[in-house]
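Trainee: Structure supplied as coords25.pdb; contents: PDB, C-alpha atoms and all ligand atoms.
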```
ATOM      1  CA  MET A 135      41.055 -25.481 -36.767
ATOM      2  CA  GLU A 136      38.592 -22.740 -35.938
ATOM      3  CA  TYR A 137      36.265 -24.132 -38.581
ATOM      4  CA  CYS A 138      36.572 -27.581 -37.094
ATOM      5  CA  LYS A 139      35.769 -26.264 -33.612
ATOM      6  CA  LEU A 140      32.724 -24.508 -34.962
ATOM      7  CA  GLN A 141      31.540 -27.719 -36.516
ATOM      8  CA  ILE A 142      31.917 -29.539 -33.236
ATOM      9  CA  VAL A 143      30.010 -26.795 -31.454
ATOM     10  CA  ALA A 144      27.301 -27.034 -34.097
ATOM     11  CA  ILE A 145      27.007 -30.794 -33.734
ATOM     12  CA  VAL A 146      26.999 -30.688 -29.951
ATOM     13  CA  SER A 147      24.314 -28.006 -29.905
ATOM     14  CA  LEU A 148      22.188 -30.037 -32.297
ATOM     15  CA  VAL A 149      22.433 -33.009 -29.974
ATOM     16  CA  LEU A 150      21.445 -30.808 -27.021
ATOM     17  CA  LEU A 151      18.596 -29.194 -28.903
ATOM     18  CA  PHE A 152      17.116 -32.499 -30.027
ATOM     19  CA  PRO A 153      17.541 -34.862 -27.115
ATOM     20  CA  VAL A 154      16.281 -38.404 -27.412
ATOM     21  CA  ILE A 155      12.559 -38.094 -26.996
ATOM     22  CA  ASP A 156      10.856 -40.743 -24.927
ATOM     23  CA  ALA A 157       7.191 -39.869 -24.828
ATOM     24  CA  TRP A 158       4.357 -40.072 -27.368
ATOM     25  CA  GLY A 159       6.444 -38.573 -30.118
ATOM     26  CA  HIS A 160       5.816 -35.132 -31.495
ATOM     27  CA  ASP A 161       2.868 -36.258 -33.615
ATOM     28  CA  GLY A 162       1.176 -38.190 -30.834
ATOM     29  CA  HIS A 163       1.183 -35.139 -28.585
ATOM     30  CA  TYR A 164       0.187 -32.843 -31.429
ATOM     31  CA  ILE A 165      -2.805 -35.066 -32.188
ATOM     32  CA  VAL A 166      -3.968 -35.162 -28.542
ATOM     33  CA  CYS A 167      -3.703 -31.409 -28.064
ATOM     34  CA  SER A 168      -5.352 -30.526 -31.382
ATOM     35  CA  ILE A 169      -8.292 -32.799 -30.680
ATOM     36  CA  ALA A 170      -8.604 -31.270 -27.219
ATOM     37  CA  GLN A 171      -8.407 -27.660 -28.370
ATOM     38  CA  SER A 172     -11.144 -28.218 -30.941
ATOM     39  CA  ARG A 173     -13.481 -29.404 -28.167
ATOM     40  CA  LEU A 174     -12.999 -26.539 -25.671
ATOM     41  CA  ASN A 175     -15.919 -24.445 -24.517
ATOM     42  CA  LYS A 176     -15.647 -20.660 -24.528
ATOM     43  CA  GLY A 177     -14.200 -20.247 -21.042
ATOM     44  CA  ALA A 178     -11.563 -22.926 -21.464
ATOM     45  CA  ALA A 179     -10.622 -21.728 -24.950
ATOM     46  CA  GLU A 180     -10.036 -18.228 -23.557
ATOM     47  CA  ILE A 181      -7.861 -19.452 -20.688
ATOM     48  CA  VAL A 182      -5.793 -21.567 -23.064
ATOM     49  CA  GLU A 183      -5.326 -18.697 -25.490
ATOM     50  CA  GLU A 184      -4.337 -16.403 -22.619
ATOM     51  CA  LEU A 185      -1.796 -18.838 -21.169
ATOM     52  CA  LEU A 186      -0.172 -20.033 -24.393
ATOM     53  CA  PRO A 187       3.084 -18.307 -25.305
ATOM     54  CA  LYS A 188       2.500 -15.763 -28.084
ATOM     55  CA  SER A 189       4.812 -17.743 -30.365
ATOM     56  CA  ALA A 190       2.345 -20.652 -30.322
ATOM     57  CA  GLN A 191      -0.215 -18.487 -32.145
ATOM     58  CA  ASN A 192      -3.016 -20.078 -30.153
ATOM     59  CA  ASP A 193      -2.126 -23.581 -31.362
ATOM     60  CA  LEU A 194      -1.896 -25.832 -28.296
ATOM     61  CA  GLY A 195      -0.665 -28.714 -30.467
ATOM     62  CA  SER A 196       2.458 -26.816 -31.445
ATOM     63  CA  VAL A 197       3.699 -26.648 -27.831
ATOM     64  CA  CYS A 198       2.354 -29.959 -26.611
ATOM     65  CA  ILE A 199       5.867 -31.459 -26.872
ATOM     66  CA  TRP A 200       7.425 -28.665 -24.777
ATOM     67  CA  ALA A 201       7.673 -30.845 -21.644
ATOM     68  CA  ASP A 202       9.956 -33.237 -23.523
ATOM     69  CA  GLN A 203      12.114 -30.449 -24.893
ATOM     70  CA  ILE A 204      12.852 -28.997 -21.450
ATOM     71  CA  LYS A 205      13.768 -32.268 -19.730
ATOM     72  CA  PHE A 206      17.393 -31.256 -20.072
ATOM     73  CA  HIS A 207      16.842 -27.909 -18.324
ATOM     74  CA  TYR A 208      14.373 -29.293 -15.788
ATOM     75  CA  PRO A 209      15.863 -32.670 -14.877
ATOM     76  CA  TRP A 210      13.486 -32.849 -11.887
ATOM     77  CA  SER A 211      10.616 -33.242 -14.356
ATOM     78  CA  ARG A 212      11.885 -36.509 -15.894
ATOM     79  CA  PRO A 213      10.047 -38.931 -13.553
ATOM     80  CA  LEU A 214       6.810 -37.028 -14.151
ATOM     81  CA  HIS A 215       6.334 -38.449 -17.657
ATOM     82  CA  PHE A 216       5.537 -42.036 -16.651
ATOM     83  CA  VAL A 217       4.736 -44.504 -13.892
ATOM     84  CA  ASN A 218       5.993 -48.066 -13.559
ATOM     85  CA  THR A 219       4.369 -51.028 -11.863
ATOM     86  CA  PRO A 220       6.336 -53.796 -10.141
ATOM     87  CA  ASP A 221       5.858 -55.920 -13.306
ATOM     88  CA  VAL A 222       2.164 -56.517 -12.690
ATOM     89  CA  CYS A 223      -0.800 -55.710 -14.957
ATOM     90  CA  ASN A 224      -2.488 -53.364 -12.513
ATOM     91  CA  TYR A 225      -1.675 -49.962 -11.078
ATOM     92  CA  LYS A 226      -2.006 -48.472  -7.603
ATOM     93  CA  PHE A 227      -1.182 -44.852  -6.819
ATOM     94  CA  SER A 228       0.094 -45.567  -3.305
ATOM     95  CA  ARG A 229       2.315 -48.416  -4.465
ATOM     96  CA  ASP A 230       3.549 -47.135  -7.827
ATOM     97  CA  CYS A 231       3.461 -43.338  -7.995
ATOM     98  CA  LYS A 232       6.943 -42.399  -6.791
ATOM     99  CA  ASP A 233      10.296 -41.598  -8.329
ATOM    100  CA  GLU A 234      13.366 -43.802  -8.014
ATOM    101  CA  ASN A 235      14.217 -42.178  -4.682
ATOM    102  CA  GLY A 236      10.807 -43.170  -3.368
ATOM    103  CA  ARG A 237       9.398 -39.635  -3.272
ATOM    104  CA  GLU A 238       5.627 -40.002  -3.318
ATOM    105  CA  GLY A 239       3.477 -38.495  -6.045
ATOM    106  CA  ARG A 240       6.403 -38.049  -8.428
ATOM    107  CA  CYS A 241       4.937 -39.887 -11.417
ATOM    108  CA  VAL A 242       2.679 -38.958 -14.301
ATOM    109  CA  ALA A 243      -0.542 -39.396 -12.276
ATOM    110  CA  GLY A 244       0.793 -37.233  -9.435
ATOM    111  CA  ALA A 245       1.977 -34.618 -11.908
ATOM    112  CA  ILE A 246      -1.462 -34.410 -13.518
ATOM    113  CA  GLN A 247      -2.971 -33.730 -10.084
ATOM    114  CA  ASN A 248      -0.236 -31.224  -9.316
ATOM    115  CA  TYR A 249      -0.715 -29.186 -12.471
ATOM    116  CA  THR A 250      -4.500 -29.388 -12.314
ATOM    117  CA  SER A 251      -4.409 -27.907  -8.803
ATOM    118  CA  GLN A 252      -2.113 -25.124  -9.967
ATOM    119  CA  LEU A 253      -4.390 -24.292 -12.907
ATOM    120  CA  ILE A 254      -7.559 -24.090 -10.824
ATOM    121  CA  ASP A 255      -6.058 -22.176  -7.918
ATOM    122  CA  SER A 256      -6.677 -18.548  -8.779
ATOM    123  CA  SER A 257      -4.142 -17.393  -6.181
ATOM    124  CA  SER A 258      -1.470 -19.727  -7.564
ATOM    125  CA  LYS A 259       2.020 -18.273  -7.666
ATOM    126  CA  ASP A 260       3.179 -20.916 -10.123
ATOM    127  CA  ASN A 261       3.887 -20.216 -13.762
ATOM    128  CA  LEU A 262       0.522 -21.164 -15.250
ATOM    129  CA  THR A 263       1.842 -21.254 -18.796
ATOM    130  CA  GLU A 264       4.155 -24.022 -17.705
ATOM    131  CA  ALA A 265       1.338 -25.647 -15.724
ATOM    132  CA  LEU A 266      -0.852 -25.768 -18.845
ATOM    133  CA  LEU A 267       1.941 -27.130 -21.029
ATOM    134  CA  PHE A 268       2.921 -29.795 -18.494
ATOM    135  CA  PHE A 269      -0.691 -30.734 -17.872
ATOM    136  CA  SER A 270      -1.538 -31.075 -21.583
ATOM    137  CA  HIS A 271       1.584 -33.125 -22.236
ATOM    138  CA  PHE A 272       1.213 -35.466 -19.263
ATOM    139  CA  LEU A 273      -2.426 -36.140 -20.056
ATOM    140  CA  GLY A 274      -1.151 -37.473 -23.384
ATOM    141  CA  ASP A 275       1.672 -39.462 -21.806
ATOM    142  CA  ILE A 276      -0.570 -41.228 -19.307
ATOM    143  CA  HIS A 277      -2.637 -42.605 -22.198
ATOM    144  CA  GLN A 278       0.399 -44.153 -23.913
ATOM    145  CA  PRO A 279       0.175 -47.727 -22.601
ATOM    146  CA  LEU A 280       3.926 -48.123 -22.119
ATOM    147  CA  HIS A 281       4.143 -44.945 -20.044
ATOM    148  CA  CYS A 282       2.448 -47.121 -17.422
ATOM    149  CA  GLY A 283       4.524 -50.238 -18.005
ATOM    150  CA  PHE A 284       6.781 -52.552 -16.062
ATOM    151  CA  ALA A 285       9.646 -51.236 -13.956
ATOM    152  CA  SER A 286      12.067 -54.018 -14.922
ATOM    153  CA  ASP A 287      12.062 -53.082 -18.630
ATOM    154  CA  LYS A 288      11.493 -49.335 -18.081
ATOM    155  CA  GLY A 289       8.170 -49.342 -19.906
ATOM    156  CA  GLY A 290       9.552 -51.321 -22.843
ATOM    157  CA  ASN A 291      12.631 -49.103 -23.283
ATOM    158  CA  THR A 292      15.012 -52.031 -22.757
ATOM    159  CA  ILE A 293      13.135 -54.450 -25.041
ATOM    160  CA  GLU A 294      14.911 -54.447 -28.408
ATOM    161  CA  VAL A 295      12.801 -55.626 -31.327
ATOM    162  CA  HIS A 296      12.585 -54.959 -35.051
ATOM    163  CA  TRP A 297       9.978 -52.629 -36.508
ATOM    164  CA  TYR A 298       9.801 -54.197 -39.949
ATOM    165  CA  THR A 299      13.471 -54.115 -40.977
ATOM    166  CA  ARG A 300      14.727 -51.561 -38.442
ATOM    167  CA  LYS A 301      16.022 -52.166 -34.960
ATOM    168  CA  GLN A 302      13.923 -50.316 -32.408
ATOM    169  CA  ASN A 303      12.917 -50.498 -28.765
ATOM    170  CA  LEU A 304       9.339 -51.371 -27.907
ATOM    171  CA  HIS A 305       8.664 -48.131 -26.042
ATOM    172  CA  HIS A 306       9.612 -46.080 -29.086
ATOM    173  CA  ILE A 307       7.346 -48.159 -31.299
ATOM    174  CA  TRP A 308       4.393 -47.074 -29.147
ATOM    175  CA  ASP A 309       5.554 -43.450 -28.893
ATOM    176  CA  ASP A 310       6.210 -42.981 -32.580
ATOM    177  CA  ASN A 311       6.434 -45.833 -35.055
ATOM    178  CA  ILE A 312       2.824 -47.026 -35.037
ATOM    179  CA  ILE A 313       1.595 -43.454 -35.507
ATOM    180  CA  GLU A 314       4.187 -42.681 -38.203
ATOM    181  CA  THR A 315       3.627 -45.875 -40.141
ATOM    182  CA  ALA A 316      -0.126 -45.246 -40.118
ATOM    183  CA  GLN A 317       0.439 -41.663 -41.262
ATOM    184  CA  GLU A 318       2.604 -42.752 -44.199
ATOM    185  CA  ARG A 319       0.437 -45.663 -45.223
ATOM    186  CA  PHE A 320      -3.084 -44.299 -44.782
ATOM    187  CA  TYR A 321      -2.795 -40.504 -44.857
ATOM    188  CA  SER A 322      -0.074 -39.774 -47.451
ATOM    189  CA  SER A 323       2.108 -38.541 -44.573
ATOM    190  CA  ASN A 324      -0.408 -35.826 -43.785
ATOM    191  CA  LEU A 325      -0.826 -35.198 -40.060
ATOM    192  CA  ALA A 326      -3.953 -33.059 -40.497
ATOM    193  CA  ASP A 327      -5.725 -35.888 -42.338
ATOM    194  CA  GLN A 328      -4.756 -38.334 -39.613
ATOM    195  CA  ILE A 329      -6.232 -36.007 -36.971
ATOM    196  CA  ASP A 330      -9.413 -35.596 -39.043
ATOM    197  CA  ALA A 331      -9.818 -39.372 -39.246
ATOM    198  CA  ILE A 332      -9.580 -39.769 -35.472
ATOM    199  CA  GLN A 333     -11.941 -36.850 -34.914
ATOM    200  CA  LYS A 334     -14.439 -38.322 -37.325
ATOM    201  CA  ASN A 335     -14.503 -41.535 -35.305
ATOM    202  CA  ILE A 336     -15.024 -39.595 -32.073
ATOM    203  CA  THR A 337     -18.290 -38.307 -33.552
ATOM    204  CA  THR A 338     -19.327 -41.613 -35.180
ATOM    205  CA  GLY A 339     -18.029 -45.028 -34.107
ATOM    206  CA  TRP A 340     -16.988 -43.956 -30.594
ATOM    207  CA  ALA A 341     -19.776 -41.401 -30.118
ATOM    208  CA  ASP A 342     -21.676 -43.490 -27.576
ATOM    209  CA  GLN A 343     -18.517 -44.095 -25.521
ATOM    210  CA  VAL A 344     -17.401 -40.478 -25.308
ATOM    211  CA  LYS A 345     -19.629 -39.666 -22.316
ATOM    212  CA  SER A 346     -18.048 -42.475 -20.311
ATOM    213  CA  TRP A 347     -14.532 -41.369 -21.314
ATOM    214  CA  GLU A 348     -15.345 -37.885 -20.062
ATOM    215  CA  SER A 349     -16.978 -38.970 -16.850
ATOM    216  CA  CYS A 350     -14.977 -38.297 -13.736
ATOM    217  CA  SER A 351     -16.057 -37.543 -10.181
ATOM    218  CA  TYR A 352     -13.390 -34.802  -9.829
ATOM    219  CA  THR A 353     -13.164 -35.595  -6.127
ATOM    220  CA  ASP A 354      -9.489 -36.512  -6.479
ATOM    221  CA  THR A 355      -8.929 -33.413  -8.638
ATOM    222  CA  THR A 356      -8.760 -35.565 -11.795
ATOM    223  CA  CYS A 357      -9.234 -39.179 -12.780
ATOM    224  CA  ALA A 358      -5.610 -39.795 -13.629
ATOM    225  CA  ASP A 359      -5.545 -43.094 -11.737
ATOM    226  CA  VAL A 360      -8.244 -44.489 -14.014
ATOM    227  CA  TYR A 361      -6.237 -43.540 -17.105
ATOM    228  CA  ALA A 362      -3.092 -45.154 -15.699
ATOM    229  CA  SER A 363      -4.979 -48.355 -14.908
ATOM    230  CA  GLU A 364      -6.332 -48.515 -18.453
ATOM    231  CA  SER A 365      -2.822 -48.009 -19.796
ATOM    232  CA  ILE A 366      -1.146 -50.828 -17.892
ATOM    233  CA  GLU A 367      -3.976 -53.135 -18.961
ATOM    234  CA  ALA A 368      -3.478 -52.154 -22.604
ATOM    235  CA  ALA A 369       0.271 -52.561 -22.143
ATOM    236  CA  CYS A 370      -0.212 -56.164 -20.999
ATOM    237  CA  ASP A 371      -2.970 -57.048 -23.481
ATOM    238  CA  TRP A 372      -1.439 -55.393 -26.552
ATOM    239  CA  ALA A 373       1.972 -53.748 -26.225
ATOM    240  CA  TYR A 374       3.996 -56.459 -24.464
ATOM    241  CA  LYS A 375       2.033 -59.315 -25.995
ATOM    242  CA  ASP A 376       4.008 -61.112 -28.734
ATOM    243  CA  ALA A 377       6.744 -58.478 -28.490
ATOM    244  CA  THR A 378       9.518 -60.155 -26.574
ATOM    245  CA  GLU A 379      13.186 -59.291 -27.015
ATOM    246  CA  GLY A 380      14.274 -59.949 -30.601
ATOM    247  CA  SER A 381      10.743 -60.183 -32.088
ATOM    248  CA  VAL A 382      10.159 -58.878 -35.587
ATOM    249  CA  LEU A 383       7.035 -56.709 -35.531
ATOM    250  CA  GLU A 384       5.350 -56.257 -38.890
ATOM    251  CA  ASP A 385       1.858 -55.922 -40.356
ATOM    252  CA  GLU A 386       0.231 -58.393 -37.992
ATOM    253  CA  TYR A 387       1.341 -56.429 -34.932
ATOM    254  CA  PHE A 388       0.938 -53.011 -36.570
ATOM    255  CA  LEU A 389      -2.592 -53.556 -37.863
ATOM    256  CA  SER A 390      -3.899 -55.122 -34.649
ATOM    257  CA  ARG A 391      -2.352 -52.438 -32.382
ATOM    258  CA  LEU A 392      -3.197 -49.369 -34.451
ATOM    259  CA  PRO A 393      -6.859 -49.317 -33.283
ATOM    260  CA  VAL A 394      -5.600 -49.314 -29.680
ATOM    261  CA  VAL A 395      -3.291 -46.378 -30.377
ATOM    262  CA  ASN A 396      -6.030 -44.446 -32.194
ATOM    263  CA  LYS A 397      -8.427 -44.964 -29.311
ATOM    264  CA  ARG A 398      -5.880 -43.897 -26.671
ATOM    265  CA  LEU A 399      -5.125 -40.711 -28.660
ATOM    266  CA  ALA A 400      -8.857 -40.010 -28.935
ATOM    267  CA  GLN A 401      -9.457 -40.628 -25.225
ATOM    268  CA  ALA A 402      -6.559 -38.387 -24.250
ATOM    269  CA  GLY A 403      -7.829 -35.537 -26.430
ATOM    270  CA  VAL A 404     -11.426 -35.893 -25.250
ATOM    271  CA  ARG A 405     -10.396 -36.014 -21.587
ATOM    272  CA  LEU A 406      -7.954 -33.124 -21.801
ATOM    273  CA  ALA A 407     -10.791 -30.993 -23.179
ATOM    274  CA  ALA A 408     -13.312 -32.339 -20.648
ATOM    275  CA  ILE A 409     -11.126 -31.477 -17.666
ATOM    276  CA  LEU A 410     -10.372 -27.952 -18.921
ATOM    277  CA  ASN A 411     -14.056 -27.467 -19.784
ATOM    278  CA  HIS A 412     -15.092 -28.655 -16.324
ATOM    279  CA  TYR A 413     -12.905 -26.140 -14.513
ATOM    280  CA  PHE A 414     -13.071 -23.162 -16.848
ATOM    281  CA  LYS A 415     -16.617 -23.188 -18.272
TER     282      LYS A 415
HETATM  283  C1  LIG B   1       4.525 -29.697  -9.175
HETATM  284  O1  LIG B   1       4.833 -28.533  -9.923
HETATM  285  C2  LIG B   1       5.977 -27.800  -9.487
HETATM  286  C3  LIG B   1       6.129 -26.569 -10.403
HETATM  287  O2  LIG B   1       6.395 -26.964 -11.726
HETATM  288  C4  LIG B   1       7.209 -28.694  -9.529
HETATM  289  O3  LIG B   1       8.309 -28.015  -8.965
HETATM  290  C5  LIG B   1       6.961 -29.990  -8.751
HETATM  291  O4  LIG B   1       8.070 -30.849  -8.908
HETATM  292  C6  LIG B   1       5.717 -30.654  -9.296
HETATM  293  N1  LIG B   1       5.457 -31.920  -8.576
HETATM  294  C7  LIG B   1       4.831 -32.950  -9.179
HETATM  295  C8  LIG B   1       4.634 -34.193  -8.369
HETATM  296  O5  LIG B   1       4.415 -32.891 -10.319
HETATM  297  C1  LIG B   2       6.599 -18.941 -17.593
HETATM  298  O1  LIG B   2       7.170 -20.034 -18.299
HETATM  299  C2  LIG B   2       7.430 -19.785 -19.666
HETATM  300  C3  LIG B   2       7.908 -21.100 -20.288
HETATM  301  O2  LIG B   2       8.967 -21.638 -19.557
HETATM  302  C4  LIG B   2       8.451 -18.669 -19.782
HETATM  303  O3  LIG B   2       8.701 -18.401 -21.146
HETATM  304  C5  LIG B   2       7.904 -17.435 -19.096
HETATM  305  O4  LIG B   2       8.874 -16.425 -19.107
HETATM  306  C6  LIG B   2       7.516 -17.741 -17.651
HETATM  307  N1  LIG B   2       6.840 -16.572 -17.070
HETATM  308  C7  LIG B   2       7.214 -16.038 -15.935
HETATM  309  C8  LIG B   2       6.392 -14.865 -15.461
HETATM  310  O5  LIG B   2       8.185 -16.426 -15.307
HETATM  311  C1  LIG B   3     -12.357 -45.229 -37.687
HETATM  312  O1  LIG B   3     -13.353 -46.228 -37.606
HETATM  313  C2  LIG B   3     -13.366 -47.130 -38.709
HETATM  314  C3  LIG B   3     -14.565 -48.042 -38.536
HETATM  315  O2  LIG B   3     -14.503 -48.722 -37.305
HETATM  316  C4  LIG B   3     -12.027 -47.868 -38.754
HETATM  317  O3  LIG B   3     -11.999 -48.754 -39.860
HETATM  318  C5  LIG B   3     -10.894 -46.869 -38.856
HETATM  319  O4  LIG B   3      -9.657 -47.538 -38.821
HETATM  320  C6  LIG B   3     -10.965 -45.858 -37.718
HETATM  321  N1  LIG B   3      -9.939 -44.837 -37.910
HETATM  322  C7  LIG B   3      -9.329 -44.247 -36.886
HETATM  323  C8  LIG B   3      -8.288 -43.257 -37.234
HETATM  324  O5  LIG B   3      -9.581 -44.496 -35.726
HETATM  325 ZN    ZN B   4       6.438 -37.069 -22.004
END
```
Since I need it in another form, could you write the structure as structure tokens?
Ligand SMILES: *[C@@H]1O[C@H](CO)[C@@H](O)[C@H](O)[C@H]1NC(C)=O
Ligand SMILES: *[C@@H]1O[C@H](CO)[C@@H](O)[C@H](O)[C@H]1NC(C)=O
Ligand SMILES: *[C@@H]1O[C@H](CO)[C@@H](O)[C@H](O)[C@H]1NC(C)=O
Ligand SMILES: [Zn+2]

Mentor:
Amino acid sequence: MEYCKLQIVAIVSLVLLFPVIDAWGHDGHYIVCSIAQSRLNKGAAEIVEELLPKSAQNDLGSVCIWADQIKFHYPWSRPLHFVNTPDVCNYKFSRDCKDENGREGRCVAGAIQNYTSQLIDSSSKDNLTEALLFFSHFLGDIHQPLHCGFASDKGGNTIEVHWYTRKQNLHHIWDDNIIETAQERFYSSNLADQIDAIQKNITTGWADQVKSWESCSYTDTTCADVYASESIEAACDWAYKDATEGSVLEDEYFLSRLPVVNKRLAQAGVRLAAILNHYFK
């Protein structure tokens, strides 16, 4: 009996420790934060090292998923991971950035502004370790096209499709499956090689676009609205397209969407670094 109880406790705690993750999966966030950290200037690198928990051993990637892990303890933070549009292929802060109770600014774009302001306010009383971890995570989320998707299907969460032979929802395919399938197929399941490949393209094929990715007027604290607009457009052009309820998504979908995912990961990493570099040079 006691043994049985212990087992139940063990199972329940496992479920609590590993809640269903609904954001760029672990690898997506790791990729974004590693790319960003490798591009930091001296001032920004020092701030990041100072703010990271000691246990992270100065590896921003390793704690980039933190904001998903604490959703259970910080339920107020749930709406901050995404923004939904009223089922249209464009985004407007004033119309869309609110939680389900209509509280303004409670969406991923508002959260990015919030945590940027905390980080750059030297008299801030907020926990700046948390601010950095939220900020780094949400900058990844806002680049995942289906984190700026339609309200009616919760950013693809209610669209059931097949990823090859397995049942999966569309949102999860964009958080995890495309990245994982690419990792297995092209990088022998090696995350470091996958990151290297994206970084190589940032300095070659995408090199002449990087300046425009980084450019931001910084008048509105950050350019989060631009990133959200790009995401909903990519969601309409690529994520939702040919992925209706019950579709079977295989090589044709995977191979045509992977370049979009790679570019969004690259843009997120480049921009995360650019914003930190701008404020902490
Ligand atoms: C801003 O950050 C504080 C501290 O984490 C949090 O309580 C608040 O809900 C955040 N608001 C938004 C819109 O991100
Ligand atoms: C700041 O937040 C981190 C992560 O939640 C926590 O470990 C740390 O104790 C907090 N620091 C303060 C001073 O509250
Ligand atoms: C890098 O660019 C090459 C050439 O365009 C492309 O074939 C490859 O898939 C890209 N890889 C990544 C990870 O973006
Ligand atoms: Zn998230």

Trainee: Taking (4.5, -50.1, -10.9) in the file's coordinates, which residues come within 10 Å, counting all atoms listed in the file, written as a VMD selection string?

Mentor: chain A and resid 216 to 232 282 to 286 289 366

Trainee: Check every protein, DNA and RNA residue against ligand LIG 2 (chain B), keep those with an atom at most 8 Å away (counting only C-alpha atoms and all ligand atoms), and present them as an NGL selection string.

Mentor: :A and (187 or 261-264)

Trainee: For the contact check between chain A and ligand LIG 3 (chain B), emit one row per residue of chain A within 9 Å, containing the shortest atom pair and the distance in Å rounded to one decimal, counting only C-alpha atoms and all ligand atoms, chain then rising number order, as JSON lines.

Mentor:
```
{"residue": "A:Ala316", "atom": "CA", "partner": "B:LIG3", "partner_atom": "C8", "distance": 8.9}
{"residue": "A:Gln328", "atom": "CA", "partner": "B:LIG3", "partner_atom": "C8", "distance": 6.5}
{"residue": "A:Ile329", "atom": "CA", "partner": "B:LIG3", "partner_atom": "C8", "distance": 7.5}
{"residue": "A:Asp330", "atom": "CA", "partner": "B:LIG3", "partner_atom": "C8", "distance": 8.0}
{"residue": "A:Ala331", "atom": "CA", "partner": "B:LIG3", "partner_atom": "C8", "distance": 4.6}
{"residue": "A:Ile332", "atom": "CA", "partner": "B:LIG3", "partner_atom": "C8", "distance": 4.1}
{"residue": "A:Gln333", "atom": "CA", "partner": "B:LIG3", "partner_atom": "C8", "distance": 7.7}
{"residue": "A:Lys334", "atom": "CA", "partner": "B:LIG3", "partner_atom": "C1", "distance": 7.2}
{"residue": "A:Asn335", "atom": "CA", "partner": "B:LIG3", "partner_atom": "C1", "distance": 4.9}
{"residue": "A:Ile336", "atom": "CA", "partner": "B:LIG3", "partner_atom": "O5", "distance": 8.2}
{"residue": "A:Thr338", "atom": "CA", "partner": "B:LIG3", "partner_atom": "O1", "distance": 7.9}
{"residue": "A:Gly339", "atom": "CA", "partner": "B:LIG3", "partner_atom": "O1", "distance": 6.0}
{"residue": "A:Trp340", "atom": "CA", "partner": "B:LIG3", "partner_atom": "O1", "distance": 8.2}
{"residue": "A:Leu392", "atom": "CA", "partner": "B:LIG3", "partner_atom": "O4", "distance": 8.0}
{"residue": "A:Pro393", "atom": "CA", "partner": "B:LIG3", "partner_atom": "O5", "distance": 6.1}
{"residue": "A:Val394", "atom": "CA", "partner": "B:LIG3", "partner_atom": "O5", "distance": 8.7}
{"residue": "A:Val395", "atom": "CA", "partner": "B:LIG3", "partner_atom": "O5", "distance": 8.5}
{"residue": "A:Asn396", "atom": "CA", "partner": "B:LIG3", "partner_atom": "O5", "distance": 5.0}
{"residue": "A:Lys397", "atom": "CA", "partner": "B:LIG3", "partner_atom": "O5", "distance": 6.5}
{"residue": "A:Ala400", "atom": "CA", "partner": "B:LIG3", "partner_atom": "O5", "distance": 8.2}
```

Trainee: Go through the shown structure with the PyMOL selection byres (((not hetatm)) within 9 of (chain B and resi 4)) and write out the matching residues as a list in words.

Mentor: Ile155, Asp156, Ala157, Trp158, Gly159, His163, Ile199, Trp200, Ala201, Asp202, Arg212, Leu214, His215, Phe216, Val242, Phe268, His271, Phe272, Gly274, Asp275, Ile276 and His281 of chain A

Trainee: Box for segment 404-408 of chain A: with edges along x, y and z, all listed atoms inside and 4 Å added on each side, what are the centre and edge lengths in Å to one decimal, as JSON?

Mentor:
```
{"center_x": -10.6, "center_y": -33.5, "center_z": -22.9, "size_x": 13.4, "size_y": 13.0, "size_z": 12.6}
```

Trainee: Can you tell me which residues come within 9 Å of ligand LIG 1 (chain B) when counting only C-alpha atoms and all ligand atoms, ideally as a PyMOL selection string?

Mentor: chain A and resi 210-211+213-214+232+237-249+252+260-262+264-265+268

Trainee: Would you put the residues from that selection into a file with C-alpha atoms, as an mmCIF file, in the coordinates of the input?

Mentor:
```
data_model
loop_
_atom_site.group_PDB
_atom_site.id
_atom_site.type_symbol
_atom_site.label_atom_id
_atom_site.label_comp_id
_atom_site.auth_asym_id
_atom_site.auth_seq_id
_atom_site.Cartn_x
_atom_site.Cartn_y
_atom_site.Cartn_z
ATOM 1 C CA TRP A 210 13.486 -32.849 -11.887
ATOM 2 C CA SER A 211 10.616 -33.242 -14.356
ATOM 3 C CA PRO A 213 10.047 -38.931 -13.553
ATOM 4 C CA LEU A 214 6.810 -37.028 -14.151
ATOM 5 C CA LYS A 232 6.943 -42.399 -6.791
ATOM 6 C CA ARG A 237 9.398 -39.635 -3.272
ATOM 7 C CA GLU A 238 5.627 -40.002 -3.318
ATOM 8 C CA GLY A 239 3.477 -38.495 -6.045
ATOM 9 C CA ARG A 240 6.403 -38.049 -8.428
ATOM 10 C CA CYS A 241 4.937 -39.887 -11.417
ATOM 11 C CA VAL A 242 2.679 -38.958 -14.301
ATOM 12 C CA ALA A 243 -0.542 -39.396 -12.276
ATOM 13 C CA GLY A 244 0.793 -37.233 -9.435
ATOM 14 C CA ALA A 245 1.977 -34.618 -11.908
ATOM 15 C CA ILE A 246 -1.462 -34.410 -13.518
ATOM 16 C CA GLN A 247 -2.971 -33.730 -10.084
ATOM 17 C CA ASN A 248 -0.236 -31.224 -9.316
ATOM 18 C CA TYR A 249 -0.715 -29.186 -12.471
ATOM 19 C CA GLN A 252 -2.113 -25.124 -9.967
ATOM 20 C CA ASP A 260 3.179 -20.916 -10.123
ATOM 21 C CA ASN A 261 3.887 -20.216 -13.762
ATOM 22 C CA LEU A 262 0.522 -21.164 -15.250
ATOM 23 C CA GLU A 264 4.155 -24.022 -17.705
ATOM 24 C CA ALA A 265 1.338 -25.647 -15.724
ATOM 25 C CA PHE A 268 2.921 -29.795 -18.494
#
```

Trainee: With only C-alpha atoms as the basis for distance, which of A:Asn192, A:Gln317, A:Ser258, A:Asn324 is at the shortest distance from Glu180 of chain A?

Mentor: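 Going through A:Asn192, A:Gln317, A:Ser258, A:Asn324 one by one, the smallest distance to Glu180 of chain A is for A:Asn192.
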